[in-house]
Amino acid sequence: MRKVSLIFSLVSLLWGTNIKAQDNTKPIIKDSITDMGVAVAPAMVKFNTIPGYSDVKYVTITNDTKKPEKFKISIADYDMNDKGSVKQLPANIYHEYGISKWITISPSFVELKAGEAKKIAITLSVPDSANAYRSGWAMLIIDEMKERQAITPKSADGKSMAMGIIPTFGFAVYMFQNPPNVKVNKLELTKLKYVSNDQSNVNVTSRGTIHASAKNVGDGLGFSKMYIELTNINNGYKTKLSSKQFTIFPKMERNFDFPLPGELPPGKYIGSVILDFGSDETLDAAEIEFEITPMNPPKK
């Protein structure tokens, strides 16, 4: 893999301030109900709280249905693997970078009438301690509450019982804390590999896969994007693969697969992998060379 450094000069003004939030938790009744379901917004909450201070942000739950709904709201830490799969940690189990212990919510239970919306206040109180000068995360969990129905006999003689399942739904809102001292997210492309598919199989819809890995070697959260541009060395044909937008935690590595489209013409290619992690000055990039061979016709 050939490493390429891309440097861009930008002038930017960065400023931050802590503002005491007003109480915006009063319910809102909509004029019309479309019966589209229950919505939670935003899906992600970002804090930039100075250690030793507190900030308040809000999440709105909207009941756009024709029946009342009840919800229980809680906080939990979570972990993420190299593929981005999230695992909620049990209550009172804290992640090394978890911030659930610094968060309070109000209210922790809401009952919404049809067409009603309420705001949940999320207060992050960051202590002035050594481990507060780095990034952290947690999740807000919003679970629908259903009243348990009485179990009734299935038969008239009462010897058999009816067992039922009450379907419920829930939401998870991801919360991130990047204190102001964390200025630059330091991400690096660590692995790059092309794996070809069996070109003798005409039913294969992909011409192979590019595997790429990125590692966060800094102490800040990376809200990042990775994309690949392909250039055919023989004829100059260019195309871009779908980008991957992702969050990457400190000291963590994420692995991504980029399938190549089946209609990609045969030839020798250069794949330029670009890692954009929100820095105003630097992108990380690398190149890989590979060859797409002609599809073999089916054997008679």
# chains A, B, ... in the order shown; residues from 1 in each chain; ligands from 1
>>> select_by_dssp(residues="range 40-226 of chain A", states="strand (DSSP E or B)", output="ChimeraX atom specification")
/A:40-41,44-47,54-64,69-76,78-80,86-88,98,103-106,109-112,116-125,136-144,153,161,170-177,187-195,206-216,222-226
>>> residues_around(residues="Ile61 in chain A", least_positions_apart="2", cutoff="6 Å", atoms="only C-alpha atoms", output="CSV table (one decimal) with C-alpha atoms, in the first residue's frame")
chain,number,residue,atom,x,y,z
A,39,ALA,CA,-40.5,9.7,16.5
A,40,VAL,CA,-37.4,10.7,18.5
A,117,ALA,CA,-44.7,15.7,22.1
A,118,LYS,CA,-42.4,16.2,25.1
>>> residues_around(residues="Leu230 in chain A", least_positions_apart="2", cutoff="8 Å", atoms="only C-alpha atoms", output="PDB file with C-alpha atoms, in the first residue's frame")
ATOM      1  CA  ILE A 228     -12.702   5.030  -2.471  1.00  0.00           C
ATOM      2  CA  ASN A 232      -8.545   2.320 -14.637  1.00  0.00           C
ATOM      3  CA  LYS A 238     -13.073   6.539 -13.061  1.00  0.00           C
ATOM      4  CA  THR A 239     -15.771   5.682 -10.556  1.00  0.00           C
ATOM      5  CA  LYS A 240     -16.411   6.195  -6.836  1.00  0.00           C
ATOM      6  CA  LEU A 241     -17.659   3.570  -4.406  1.00  0.00           C
ATOM      7  CA  TYR A 269      -6.844  -0.174 -11.358  1.00  0.00           C
ATOM      8  CA  ILE A 270      -5.596   2.189  -8.701  1.00  0.00           C
ATOM      9  CA  GLY A 271      -7.884   2.466  -5.696  1.00  0.00           C
ATOM     10  CA  SER A 272      -7.457   5.746  -3.810  1.00  0.00           C
TER      11      SER A 272
END
>>> closest_atom_pairs(of="range 68-104 of chain A", to="range 47-51 of chain A", cutoff="12 Å", atoms="only C-alpha atoms", output="JSON lines")
{"residue": "A:Ile99", "atom": "CA", "partner": "A:Phe47", "partner_atom": "CA", "distance": 11.0}
{"residue": "A:Trp102", "atom": "CA", "partner": "A:Pro51", "partner_atom": "CA", "distance": 11.1}
{"residue": "A:Ile103", "atom": "CA", "partner": "A:Phe47", "partner_atom": "CA", "distance": 11.4}
>>> write_last_selection(atoms="C-alpha atoms", output="PDB file, in the first residue's frame")
ATOM      1  CA  ILE A  99     -20.247   8.973  30.710  1.00  0.00           C
ATOM      2  CA  TRP A 102     -22.279  11.888  34.778  1.00  0.00           C
ATOM      3  CA  ILE A 103     -25.737  12.169  33.171  1.00  0.00           C
TER       4      ILE A 103
END
>>> atom_distance(atom1="CA of Thr190 in chain A", atom2="CA of Met252 in chain A")
11.4 Å
